[in-house]
Structure formats: C-alpha cells, structure tokens
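Trainee: Please read through the structure below; I'll follow up with questions.
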Amino acid sequence: MLEKLSHIGIAVKSIEEALPLYRDILGMKLTEIKEMPERSLRVAFLELDGTIMELLEGTGPESAISKFLEKRGGGVHHLCFKVSEIDGALQTLSEKGIRLIDKQARVGAEGNPVAFIHPASTGKVLMELEQD
Ligand code: CO
C-alpha cells in the first residue's frame, strides 16, 4: 500500500528558533515557509537529498500542533507516506479495522490529498497518507 516516505513532520514551538539547528548547523535546505491561518499552522519545508522534513508550528491554542506541544513538548509528530490511490487505501484500512482520523481525504499542506491514520491503530505513530 505505501510507496515511499513523503516527509517527516516535527512539532516545534517556534520555526525561527528551530531553523538555526536544522538549516544552519545540520545543513538542510529551507525551501518554503507556508502560513496556513485556516488551520492555525505555519510550516517550514526542509529538504536534504530527497528527504523532506516539515517543521510544524501552531499559531493558535486550537491548533493540533499546539495541543501536541502542550502534551509532549515537541518532537516527531508524524510520518507521511505516499500512496498511489488514497481513497482505495482508506477503504482497505477501514475494512481491516484500522482507525482513521480522516475517513475521507482532504487537502494537505503541500496541496495534495492527504488523510491521517489514528495513532491508536499504529502503536502510537501518527501516520499520514498522501497521494500526488
Ligand atoms: Co505532513
């Protein structure tokens, strides 16, 4: 079902505070910072030889990232994998009793259809599926 890793999502308190490490010291390339006010979210996209990392910063207390930071203090938030056909993947997972956060795909930060699998069904790993 999964084709390859799409990106790793990291929850940070502040993108500005996280960039000196990821960009300046570790040497990942900052490709874009995207404001998503409708989801109270700011995302910095970093790239290293085909591996993409998203630094996720909540911009309001209602954002999922702010809640995650409050509970866990930051760190790896989710792993995203490419699938060729997201509707079919969601249907298969659902039929196999896997709990889904998104029963229908929605538009993600990169503009592609995405859906999250509930961490209760994956040993506490939040997984995102993405179709190109
Ligand atoms: Co993601």
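Labels for the structure tokens follow display order: chains A, B, ..., residues from 1 in each chain, ligands from 1.
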Taking a cut-off of 10 Å and counting only C-alpha atoms, can you build a table that, for each residue of segment 48-112 of chain A near segment 19-29 of chain A, reports the nearest atom pair and how far apart they are in Å (one decimal), sorted by chain then residue number, as CSV?
Mentor:
```
residue,atom,partner,partner_atom,distance
A:Leu48,CA,A:Met28,CA,5.3
A:Asp49,CA,A:Met28,CA,8.9
A:Thr51,CA,A:Met28,CA,9.5
A:Ile52,CA,A:Met28,CA,9.2
A:Met53,CA,A:Met28,CA,9.0
A:Leu55,CA,A:Leu19,CA,8.8
```
Trainee: Skip Ile33 of chain A itself and residues of its chain fewer than 4 positions away, then list as a compact mmCIF listing (two decimals) with all heavy atoms, in the first residue's frame all residues within 8 Å of it, counting only C-alpha atoms.
Mentor:
```
# COMPACT_ATOMS: atom_id res chain seq x y z
N ARG A 42 1.82 27.12 10.84
CA ARG A 42 2.89 27.61 9.98
C ARG A 42 3.81 26.43 9.74
O ARG A 42 4.15 25.70 10.68
CB ARG A 42 3.62 28.76 10.68
CG ARG A 42 4.77 29.34 9.88
CD ARG A 42 5.48 30.46 10.64
NE ARG A 42 4.62 31.60 10.86
CZ ARG A 42 4.51 32.23 12.03
NH1 ARG A 42 5.20 31.85 13.06
NH2 ARG A 42 3.70 33.25 12.15
N VAL A 43 4.21 26.22 8.49
CA VAL A 43 5.02 25.05 8.14
C VAL A 43 6.28 25.49 7.41
O VAL A 43 6.21 26.23 6.43
CB VAL A 43 4.23 24.09 7.21
CG1 VAL A 43 5.04 22.81 6.97
CG2 VAL A 43 2.87 23.73 7.79
N ALA A 44 7.43 25.04 7.89
CA ALA A 44 8.69 25.26 7.18
C ALA A 44 9.08 23.94 6.51
O ALA A 44 9.15 22.90 7.17
CB ALA A 44 9.79 25.70 8.15
N PHE A 45 9.31 24.00 5.21
CA PHE A 45 9.69 22.80 4.45
C PHE A 45 11.21 22.77 4.29
O PHE A 45 11.80 23.71 3.77
CB PHE A 45 9.03 22.80 3.07
CG PHE A 45 7.53 22.71 3.13
CD1 PHE A 45 6.74 23.85 3.19
CD2 PHE A 45 6.89 21.48 3.13
CE1 PHE A 45 5.36 23.78 3.25
CE2 PHE A 45 5.51 21.39 3.19
CZ PHE A 45 4.74 22.54 3.25
```
Trainee: Using only C-alpha atoms and all ligand atoms, which residues of the polymer chains come no farther than 7 Å from ligand 1? I'd like the answer as a list of chain:residue names.
Mentor: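 I would give the residues around ligand 1 as A:His7, A:Ile8, A:Gly9, A:Glu54, A:His78, A:Leu79, A:Cys80, A:Ala109, A:Glu128.
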Trainee: From the options A:Ile98, A:Val76, A:Ala105, A:Val83, which residue's atoms come nearest to Val125 of chain A, counting only C-alpha atoms?
Mentor: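 Using only C-alpha atoms, Val125 of chain A sits closest to A:Val76.
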Trainee: As a ChimeraX atom specification, please: every residue in segment 53-101 of chain A that DSSP puts in strand (DSSP E or B).
Mentor: /A:53-58,75-82,100
Trainee: For Ser84 of chain A, please output as a short mmCIF file (atom, residue, chain, number, x, y, z; two decimals) with N, CA and C atoms, in the first residue's frame all residues within 8 Å (counting only C-alpha atoms; exclusion window: fewer than 5 positions along the same chain).
Mentor:
```
data_model
loop_
_atom_site.label_atom_id
_atom_site.label_comp_id
_atom_site.auth_asym_id
_atom_site.auth_seq_id
_atom_site.Cartn_x
_atom_site.Cartn_y
_atom_site.Cartn_z
N MET A 1 0.82 -1.20 0.00
CA MET A 1 0.00 0.00 0.00
C MET A 1 0.87 1.27 0.00
N GLU A 3 4.06 3.53 -0.78
CA GLU A 3 5.04 3.52 -1.88
C GLU A 3 6.40 4.04 -1.46
N GLN A 131 -1.44 11.36 -1.55
CA GLN A 131 -1.46 10.99 -2.97
C GLN A 131 -0.95 12.17 -3.78
N ASP A 132 -0.13 11.91 -4.79
CA ASP A 132 0.38 13.02 -5.63
C ASP A 132 -0.74 13.61 -6.47
#
```
